[in-house]
>>> print(open('protein_38.csv').read())   # CSV, C-alpha atoms and all ligand atoms
chain,number,residue,atom,x,y,z
A,1,MET,CA,140.3,104.5,54.9
A,2,ILE,CA,140.6,107.7,52.9
A,3,ASP,CA,137.9,107.3,50.4
A,4,LEU,CA,138.6,109.2,47.2
A,5,ARG,CA,136.6,107.0,44.8
A,6,SER,CA,133.7,109.5,44.4
A,7,ASP,CA,132.0,112.5,46.0
A,8,THR,CA,128.9,110.2,46.3
A,9,VAL,CA,130.4,108.4,49.3
A,10,THR,CA,129.8,111.2,51.9
A,11,LYS,CA,127.6,110.5,54.9
A,12,PRO,CA,125.1,113.0,56.2
A,13,THR,CA,126.4,115.2,59.0
A,14,ASP,CA,124.7,115.3,62.4
A,15,ALA,CA,123.3,118.7,61.6
A,16,MET,CA,121.9,117.4,58.3
A,17,ARG,CA,120.4,114.4,60.1
A,18,ARG,CA,118.7,116.8,62.6
A,19,ALA,CA,117.3,118.9,59.7
A,20,MET,CA,116.0,115.7,58.1
A,21,ALA,CA,114.4,114.6,61.4
A,22,ALA,CA,112.7,118.0,61.8
A,23,ALA,CA,111.4,118.1,58.2
A,24,GLU,CA,107.7,118.9,57.7
A,25,VAL,CA,106.4,116.2,55.3
A,26,GLY,CA,103.3,115.2,53.3
A,27,ASP,CA,102.4,113.0,50.3
A,28,ASP,CA,104.4,114.4,47.4
A,29,MET,CA,102.3,112.6,44.8
A,30,PHE,CA,99.4,114.7,46.1
A,31,GLY,CA,101.7,117.7,45.9
A,32,GLU,CA,101.5,118.0,49.7
A,33,ASP,CA,105.1,117.8,50.8
A,34,PRO,CA,106.0,121.4,51.9
A,35,THR,CA,109.7,120.7,52.1
A,36,VAL,CA,109.9,119.2,48.6
A,37,ARG,CA,108.0,122.3,47.4
A,38,ARG,CA,110.5,124.5,49.1
A,39,LEU,CA,113.4,122.7,47.5
A,40,GLU,CA,111.8,122.9,44.1
A,41,ASP,CA,111.1,126.6,44.5
A,42,ARG,CA,114.7,127.2,45.7
A,43,PHE,CA,116.1,125.4,42.6
A,44,CYS,CA,113.8,127.5,40.3
A,45,GLU,CA,115.3,130.6,41.9
A,46,LEU,CA,118.8,129.3,41.6
A,47,THR,CA,118.5,128.4,37.9
A,48,GLY,CA,116.0,131.1,36.8
A,49,LYS,CA,113.7,128.3,35.5
A,50,PRO,CA,109.9,128.4,36.2
A,51,ALA,CA,109.4,124.8,37.3
A,52,ALA,CA,111.3,121.9,38.9
A,53,VAL,CA,110.8,118.3,40.1
A,54,PHE,CA,112.6,116.5,42.8
A,55,VAL,CA,113.8,113.0,41.9
A,56,PRO,CA,115.8,110.2,43.5
A,57,SER,CA,118.9,110.3,41.4
A,58,GLY,CA,120.9,112.2,38.8
A,59,THR,CA,120.3,109.4,36.3
A,60,MET,CA,116.6,109.8,36.7
A,61,ALA,CA,116.8,113.6,36.3
A,62,ASN,CA,118.7,113.1,33.0
A,63,GLN,CA,116.5,110.4,31.7
A,64,LEU,CA,113.3,112.4,32.5
A,65,ALA,CA,114.9,115.4,30.7
A,66,ILE,CA,115.5,113.2,27.6
A,67,ARG,CA,112.2,111.4,27.7
A,68,ALA,CA,110.2,114.6,28.3
A,69,GLN,CA,111.8,116.5,25.5
A,70,THR,CA,111.9,113.8,22.8
A,71,GLU,CA,109.8,111.1,21.1
A,72,PRO,CA,111.0,107.6,20.3
A,73,GLY,CA,113.1,107.6,17.2
A,74,ASP,CA,114.4,111.1,17.8
A,75,GLU,CA,118.1,111.8,18.0
A,76,VAL,CA,120.0,113.5,20.8
A,77,ILE,CA,123.4,115.2,20.2
A,78,THR,CA,125.7,114.7,23.1
A,79,HIS,CA,129.4,114.4,23.8
A,80,ALA,CA,130.9,111.0,23.3
A,81,ASP,CA,132.2,111.0,26.9
A,82,ASN,CA,129.0,112.0,28.6
A,83,HIS,CA,127.5,110.3,31.6
A,84,ILE,CA,124.2,109.6,29.8
A,85,ILE,CA,126.1,107.3,27.4
A,86,HIS,CA,128.5,105.6,29.7
A,87,TYR,CA,126.9,105.3,33.1
A,88,GLU,CA,123.1,105.3,32.8
A,89,SER,CA,122.6,101.7,31.8
A,90,GLY,CA,121.5,102.4,28.2
A,91,GLY,CA,118.6,104.6,29.6
A,92,PRO,CA,118.3,106.8,26.5
A,93,ALA,CA,117.7,103.7,24.3
A,94,ALA,CA,115.6,101.8,26.8
A,95,LEU,CA,113.4,104.5,28.4
A,96,ALA,CA,113.2,107.2,25.7
A,97,GLY,CA,113.9,105.1,22.6
A,98,VAL,CA,116.2,107.7,21.2
A,99,MET,CA,119.4,107.6,19.1
A,100,LEU,CA,122.5,109.4,20.2
A,101,ALA,CA,124.8,111.4,17.8
A,102,LEU,CA,128.2,111.8,19.4
A,103,ALA,CA,130.1,115.0,19.3
A,104,PRO,CA,133.9,115.0,19.7
A,105,GLY,CA,135.8,117.6,21.7
A,106,PRO,CA,138.5,118.0,24.3
A,107,ARG,CA,137.6,116.8,27.8
A,108,GLY,CA,133.9,116.7,27.3
A,109,VAL,CA,133.3,120.0,25.7
A,110,PHE,CA,132.1,120.6,22.1
A,111,GLY,CA,131.0,123.7,20.2
A,112,ALA,CA,128.4,125.1,17.9
A,113,ASP,CA,130.2,123.7,14.9
A,114,GLU,CA,129.7,120.1,16.2
A,115,VAL,CA,126.0,120.8,16.7
A,116,ARG,CA,125.8,122.1,13.1
A,117,ALA,CA,127.7,119.1,11.8
A,118,LEU,CA,125.5,116.6,13.5
A,119,VAL,CA,122.0,118.0,13.1
A,120,ARG,CA,120.0,115.9,10.7
A,121,ALA,CA,118.4,117.2,7.5
A,122,ASP,CA,114.6,117.5,7.5
A,123,ASP,CA,114.3,114.3,5.5
A,124,PRO,CA,112.0,111.3,6.2
A,125,HIS,CA,115.0,109.0,5.9
A,126,CYS,CA,116.6,110.5,9.0
A,127,PRO,CA,115.8,110.6,12.7
A,128,VAL,CA,114.6,114.0,13.9
A,129,THR,CA,117.3,115.7,15.9
A,130,ARG,CA,115.5,117.1,18.9
A,131,LEU,CA,117.8,117.7,21.8
A,132,VAL,CA,121.4,118.6,22.6
A,133,ALA,CA,122.8,117.4,26.0
A,134,LEU,CA,125.9,118.8,27.6
A,135,GLU,CA,127.5,118.1,31.0
A,136,ASN,CA,128.8,120.8,33.4
A,137,THR,CA,131.1,120.0,35.1
A,138,HIS,CA,132.2,117.2,32.9
A,139,ASN,CA,132.9,114.0,34.9
A,140,ARG,CA,135.1,112.0,32.4
A,141,GLY,CA,136.6,115.3,31.3
A,142,GLY,CA,138.2,115.6,34.8
A,143,GLY,CA,135.6,117.9,36.4
A,144,ARG,CA,136.0,120.4,33.6
A,145,VAL,CA,133.9,123.6,33.7
A,146,TRP,CA,132.3,124.4,30.4
A,147,PRO,CA,133.4,127.9,29.2
A,148,ARG,CA,130.4,130.1,29.6
A,149,GLU,CA,130.7,131.6,26.1
A,150,GLN,CA,130.8,128.1,24.7
A,151,VAL,CA,127.5,127.2,26.5
A,152,ARG,CA,126.0,130.3,25.1
A,153,GLU,CA,127.1,129.5,21.6
A,154,VAL,CA,125.8,125.9,21.8
A,155,VAL,CA,122.5,127.0,23.2
A,156,GLU,CA,122.0,129.8,20.6
A,157,THR,CA,123.0,127.6,17.7
A,158,SER,CA,120.8,124.8,18.9
A,159,HIS,CA,117.8,127.1,19.4
A,160,ALA,CA,118.4,128.6,15.9
A,161,LEU,CA,118.2,125.0,14.5
A,162,GLY,CA,115.0,124.3,16.5
A,163,LEU,CA,116.7,122.0,19.0
A,164,ARG,CA,116.3,122.1,22.8
A,165,VAL,CA,119.2,121.9,25.2
A,166,HIS,CA,119.6,119.9,28.4
A,167,ILE,CA,122.5,120.5,30.9
A,168,ASP,CA,123.5,117.6,33.1
A,169,GLY,CA,124.5,119.7,36.0
A,170,ALA,CA,125.1,116.9,38.5
A,171,ARG,CA,128.0,119.1,39.6
A,172,ILE,CA,126.8,122.5,38.4
A,173,TRP,CA,127.5,123.6,42.0
A,174,ASN,CA,131.2,122.9,41.5
A,175,ALA,CA,131.1,124.8,38.2
A,176,ALA,CA,129.5,127.8,39.9
A,177,ILE,CA,132.1,127.9,42.7
A,178,ALA,CA,135.0,127.3,40.3
A,179,SER,CA,133.9,130.1,37.9
A,180,GLY,CA,132.6,132.4,40.6
A,181,ARG,CA,129.3,132.8,38.7
A,182,PRO,CA,125.8,132.2,39.8
A,183,VAL,CA,124.1,128.9,38.7
A,184,ALA,CA,121.5,130.8,36.7
A,185,GLU,CA,124.2,132.4,34.6
A,186,LEU,CA,125.9,129.1,33.9
A,187,VAL,CA,122.5,127.6,32.8
A,188,GLY,CA,121.6,130.6,30.7
A,189,ALA,CA,118.9,129.9,28.1
A,190,ALA,CA,119.3,126.1,28.2
A,191,ASP,CA,115.8,124.5,28.2
A,192,SER,CA,116.4,122.1,31.1
A,193,VAL,CA,119.0,121.5,33.8
A,194,SER,CA,119.5,118.7,36.3
A,195,ALA,CA,121.5,118.8,39.5
A,196,CYS,CA,122.5,116.4,42.3
A,197,PHE,CA,122.5,117.1,46.0
A,198,SER,CA,124.1,113.7,46.7
A,199,LYS,CA,127.6,114.5,45.3
A,200,GLY,CA,129.7,117.4,46.4
A,201,LEU,CA,126.9,118.9,48.5
A,202,GLY,CA,126.8,115.8,50.7
A,203,ALA,CA,123.1,114.9,50.9
A,204,PRO,CA,122.4,111.2,51.1
A,205,VAL,CA,119.9,111.0,48.2
A,206,GLY,CA,118.3,113.3,45.7
A,207,SER,CA,118.5,115.2,42.5
A,208,ILE,CA,116.4,117.7,40.7
A,209,LEU,CA,115.3,118.7,37.2
A,210,ALA,CA,114.2,122.3,36.2
A,211,SER,CA,112.7,123.5,33.0
A,212,ASP,CA,109.6,125.2,31.7
A,213,ALA,CA,106.2,124.3,33.2
A,214,PRO,CA,104.9,122.0,30.4
A,215,THR,CA,108.2,120.1,30.3
A,216,ILE,CA,108.2,119.5,34.1
A,217,LYS,CA,104.5,118.5,33.9
A,218,ARG,CA,105.5,115.8,31.4
A,219,ALA,CA,108.6,114.9,33.4
A,220,ARG,CA,106.3,114.3,36.5
A,221,ARG,CA,104.3,111.8,34.5
A,222,PHE,CA,107.4,109.9,33.4
A,223,ARG,CA,108.8,110.1,36.9
A,224,LYS,CA,105.7,108.2,38.0
A,225,MET,CA,106.0,105.8,35.1
A,226,PHE,CA,109.7,105.1,35.8
A,227,GLY,CA,108.9,104.4,39.4
A,228,GLY,CA,110.6,107.5,40.8
A,229,ALA,CA,107.6,109.3,42.4
A,230,MET,CA,108.1,109.5,46.1
A,231,ARG,CA,105.8,110.1,49.1
A,232,GLN,CA,107.1,111.8,52.3
A,233,ALA,CA,110.2,112.8,50.5
A,234,GLY,CA,110.6,116.0,52.6
A,235,VAL,CA,113.1,114.1,54.8
A,236,LEU,CA,115.3,114.0,51.7
A,237,ALA,CA,114.5,117.5,50.5
A,238,ALA,CA,115.4,118.8,54.0
A,239,ALA,CA,118.9,117.2,53.6
A,240,ALA,CA,119.2,118.9,50.2
A,241,LEU,CA,118.1,122.3,51.6
A,242,HIS,CA,120.6,121.9,54.4
A,243,ALA,CA,123.3,121.1,51.9
A,244,LEU,CA,122.6,124.2,49.9
A,245,ASP,CA,122.8,126.3,53.0
A,246,HIS,CA,125.9,124.8,54.5
A,247,HIS,CA,127.9,122.8,51.9
A,248,PHE,CA,127.8,124.9,48.7
A,249,ASP,CA,130.3,127.6,49.5
A,250,ARG,CA,132.8,125.1,51.0
A,251,LEU,CA,133.2,123.3,47.6
A,252,VAL,CA,136.1,125.7,47.2
A,253,GLU,CA,138.0,123.6,49.8
A,254,ASP,CA,137.4,120.4,47.7
A,255,HIS,CA,138.7,122.2,44.6
A,256,ALA,CA,141.8,123.4,46.5
A,257,GLY,CA,142.4,119.8,47.8
A,258,ALA,CA,142.0,118.3,44.4
A,259,ARG,CA,144.6,120.7,43.0
A,260,ARG,CA,147.0,120.0,45.8
A,261,LEU,CA,146.6,116.3,45.3
A,262,ALA,CA,147.1,116.7,41.5
A,263,GLU,CA,150.3,118.7,42.0
A,264,ARG,CA,151.7,116.0,44.3
A,265,LEU,CA,150.7,113.2,41.9
A,266,ALA,CA,152.1,115.0,38.8
A,267,ALA,CA,155.5,115.1,40.5
A,268,LEU,CA,155.7,111.3,40.8
A,269,PRO,CA,157.5,109.1,38.3
A,270,GLY,CA,155.3,107.4,35.7
A,271,VAL,CA,152.3,109.6,36.4
A,272,ARG,CA,150.6,111.4,33.5
A,273,LEU,CA,148.7,114.4,34.8
A,274,ASP,CA,148.5,118.2,34.1
A,275,PRO,CA,147.5,119.8,37.4
A,276,SER,CA,146.5,123.0,35.6
A,277,GLU,CA,143.6,121.0,34.1
A,278,VAL,CA,142.1,120.3,37.6
A,279,GLU,CA,139.5,123.0,37.9
A,280,THR,CA,137.1,121.4,40.4
A,281,ASN,CA,137.1,118.2,42.6
A,282,ILE,CA,137.9,115.5,40.1
A,283,VAL,CA,141.5,114.3,39.4
A,284,TYR,CA,142.2,111.7,36.6
A,285,PHE,CA,145.7,110.5,36.2
A,286,GLY,CA,147.3,108.1,33.7
A,287,LEU,CA,150.1,105.6,34.3
A,288,ALA,CA,152.7,106.3,31.7
A,289,ASP,CA,155.3,103.6,32.2
A,290,GLY,CA,153.2,100.4,31.7
A,291,ARG,CA,154.9,98.6,34.7
A,292,ARG,CA,151.7,98.2,36.7
A,293,SER,CA,148.1,98.4,35.7
A,294,ALA,CA,145.6,100.8,37.2
A,295,PRO,CA,143.8,98.0,39.2
A,296,GLU,CA,147.2,96.9,40.6
A,297,ILE,CA,148.0,100.4,41.7
A,298,CYS,CA,144.5,100.8,43.2
A,299,THR,CA,144.9,97.6,45.2
A,300,ALA,CA,148.3,98.7,46.5
A,301,LEU,CA,146.8,102.1,47.5
A,302,LYS,CA,144.0,100.3,49.3
A,303,GLN,CA,146.5,98.4,51.3
A,304,ALA,CA,148.0,101.8,52.2
A,305,GLY,CA,144.6,103.0,53.4
A,306,VAL,CA,143.5,105.0,50.3
A,307,LEU,CA,140.6,104.2,48.0
A,308,VAL,CA,140.7,105.4,44.4
A,309,LEU,CA,138.9,104.2,41.3
A,310,PRO,CA,140.5,102.4,38.3
A,311,VAL,CA,138.7,103.7,35.2
A,312,GLY,CA,140.6,101.8,32.6
A,313,PRO,CA,143.8,99.7,32.3
A,314,ASP,CA,146.0,102.7,32.9
A,315,ARG,CA,143.8,105.4,34.3
A,316,ILE,CA,142.7,106.2,37.8
A,317,ARG,CA,140.2,108.7,39.3
A,318,ALA,CA,140.4,110.5,42.7
A,319,VAL,CA,137.7,112.8,43.9
A,320,THR,CA,137.7,115.2,46.8
A,321,HIS,CA,134.6,115.8,48.9
A,322,LEU,CA,133.1,116.8,52.3
A,323,ASP,CA,134.4,113.7,54.1
A,324,VAL,CA,138.1,114.2,53.3
A,325,SER,CA,140.1,116.7,55.3
A,326,PRO,CA,143.2,118.5,54.1
A,327,SER,CA,145.3,116.3,56.3
A,328,GLN,CA,143.8,113.2,54.7
A,329,ILE,CA,144.6,114.6,51.3
A,330,GLU,CA,148.2,115.0,52.5
A,331,ARG,CA,148.2,111.4,53.7
A,332,ALA,CA,146.8,110.2,50.4
A,333,ALA,CA,149.5,112.0,48.5
A,334,LEU,CA,152.2,110.4,50.8
A,335,ALA,CA,150.7,107.0,50.2
A,336,ALA,CA,150.6,107.6,46.5
A,337,ALA,CA,154.3,108.7,46.6
A,338,GLU,CA,155.2,105.5,48.5
A,339,VAL,CA,153.2,103.1,46.1
A,340,LEU,CA,154.0,104.8,42.8
A,341,GLY,CA,157.6,105.4,43.8
A,342,ARG,CA,158.3,101.7,44.4
B,401,LIG,C1,127.8,114.0,35.4
B,401,LIG,C2,126.9,113.0,36.1
B,401,LIG,N1,125.6,113.0,35.7
B,401,LIG,C3,124.7,112.2,36.3
B,401,LIG,C4,125.1,111.3,37.3
B,401,LIG,C5,124.1,110.4,37.9
B,401,LIG,O1,123.8,110.5,39.2
B,401,LIG,P1,123.2,109.3,40.1
B,401,LIG,O2,124.4,108.5,40.5
B,401,LIG,O3,122.6,110.0,41.2
B,401,LIG,O4,122.3,108.6,39.3
B,401,LIG,C6,126.5,111.3,37.7
B,401,LIG,C7,126.9,110.4,38.8
B,401,LIG,O5,128.1,110.3,39.2
B,401,LIG,C8,127.4,112.2,37.1
B,401,LIG,O6,128.7,112.2,37.4
>>> encode(input="protein_38.csv", output="structure tokens")
Amino acid sequence: MIDLRSDTVTKPTDAMRRAMAAAEVGDDMFGEDPTVRRLEDRFCELTGKPAAVFVPSGTMANQLAIRAQTEPGDEVITHADNHIIHYESGGPAALAGVMLALAPGPRGVFGADEVRALVRADDPHCPVTRLVALENTHNRGGGRVWPREQVREVVETSHALGLRVHIDGARIWNAAIASGRPVAELVGAADSVSACFSKGLGAPVGSILASDAPTIKRARRFRKMFGGAMRQAGVLAAAALHALDHHFDRLVEDHAGARRLAERLAALPGVRLDPSEVETNIVYFGLADGRRSAPEICTALKQAGVLVLPVGPDRIRAVTHLDVSPSQIERAALAAAEVLGR
């Protein structure tokens, strides 16, 4: 099977498993796991933030960012297509008790004007707008990289309005490789940033949140409360460190593979897709002719040995990653031509 459903399906390499087996560990709740400390320090260096906390998942990193920077009843401005709304089980409502104000914008990106339009008046009738949350790269936006200038404008405007800014950087690594800029530059003056090691970087488990020290102190308390504090987590942190050392630069290959796949798909009859919009490792395509639904096409592709994800009645997602080779992408494109050309 060629599995293009998500970049989360990768399995740890032998070298990564060896790094995990060799990890020095301790009880992280006592602050005694040296490998976790090393990973947190490394992420601080990469993002230019003073403090970080290692967590089990990207969802937990985002939910801690929201909970640590808001109070129940506050409002968070975010894009209507963001992961925190669609795929985190209602966490902002359940765990932080916040309201969400939804910004519009093409493929997951909004601007300073949307922040100004959505921020609430200082009026006891209204919730307090406290946080702005953006996502880079944007998953439902087809792996779109936020333009750096736009991040800067949103952060500056938010700060001028007294709001904090969180970046869901589950795939900030892809954004850095696609734009050729260091992670710290992409994060800029945002107040917090999360990132995942278990997506394009290929670690089995693990995400991280960086911010200022008081926010991370608060996030550590909520991590414990939400059940996400870990003990000898150094075995996981070792996988993440190995991934940073060995799988970061190679993301360029995933991006090239996604673009090649997109170009091949776009040439097929009944496929709606602009390959020039594929900047990183995520390809969404629409079915334009209404003859077969996305689930039907996905079933036919599965029979041809290719797994992709239906994400609506006429929309399909394919994601490239560490465990798909260029020749497998070629085979997937041929299978798609056979199935969609029928
Ligand atoms: C943009 C984005 N943020 C957060 C997450 C959540 O990560 P996890 O699955 O580790 O909870 C994902 C997962 O796909 C994601 O795509």
>>> closest_atom_pairs(input="protein_38.csv", of="chain A", to="ligand LIG 401 (chain B)", cutoff="7 Å", atoms="only C-alpha atoms and all ligand atoms", output="Markdown table")
| residue | atom | partner | partner_atom | distance |
| --- | --- | --- | --- | --- |
| A:Ser57 | CA | B:LIG401 | O3 | 3.7 |
| A:Gly58 | CA | B:LIG401 | O1 | 3.4 |
| A:Thr59 | CA | B:LIG401 | O4 | 3.7 |
| A:Met60 | CA | B:LIG401 | O4 | 6.4 |
| A:Asn62 | CA | B:LIG401 | C3 | 6.9 |
| A:His83 | CA | B:LIG401 | N1 | 5.3 |
| A:Ile84 | CA | B:LIG401 | N1 | 7.0 |
| A:Glu135 | CA | B:LIG401 | C1 | 6.0 |
| A:Thr137 | CA | B:LIG401 | C1 | 6.9 |
| A:His138 | CA | B:LIG401 | C1 | 6.0 |
| A:Asn139 | CA | B:LIG401 | C1 | 5.1 |
| A:Asp168 | CA | B:LIG401 | N1 | 5.7 |
| A:Gly169 | CA | B:LIG401 | C1 | 6.6 |
| A:Ala170 | CA | B:LIG401 | N1 | 4.8 |
| A:Arg171 | CA | B:LIG401 | C1 | 6.6 |
| A:Cys196 | CA | B:LIG401 | O3 | 6.5 |
| A:Ser198 | CA | B:LIG401 | O3 | 6.8 |
| A:Ser207 | CA | B:LIG401 | O3 | 6.7 |
>>> residues_around(input="protein_38.csv", residues="segment 329-332 of chain A", least_positions_apart="4", cutoff="8 Å", atoms="all atoms listed in the file", output="ChimeraX atom specification")
/A:2,257,261,306,324-325,336
>>> residues_near_point(input="protein_38.csv", point="(138.2, 107.4, 41.5)", cutoff="7 Å", atoms="all atoms listed in the file", output="number ranges by chain")
A: 4-6, 308-310, 316-319
>>> closest_residue(input="protein_38.csv", among="A:Ala190, A:Val183, A:Ala304, A:Ala96", to="Glu153 of chain A", atoms="all atoms listed in the file")
A:Ala190
>>> residues_around(input="protein_38.csv", residues="His255 of chain A", least_positions_apart="5", cutoff="7 Å", atoms="all atoms listed in the file", output="JSON, numbers by chain")
{"A": [279, 280, 281]}
>>> residues_near_point(input="protein_38.csv", point="(140.0, 122.2, 43.3)", cutoff="12 Å", atoms="all atoms listed in the file", output="ChimeraX atom specification")
/A:142-145,174-175,177-179,200,250-263,275-283,318-321,326,329
>>> atom_distance(input="protein_38.csv", atom1="atom CA of Glu40 of chain A", atom2="atom CA of Arg130 of chain A")
26.1 Å
>>> atom_distance(input="protein_38.csv", atom1="atom CA of Gly188 of chain A", atom2="atom CA of Leu236 of chain A")
27.5 Å
>>> closest_residue(input="protein_38.csv", among="A:Pro214, A:Gly270, A:Pro34, A:Pro147", to="Val235 of chain A", atoms="only C-alpha atoms")
A:Pro34
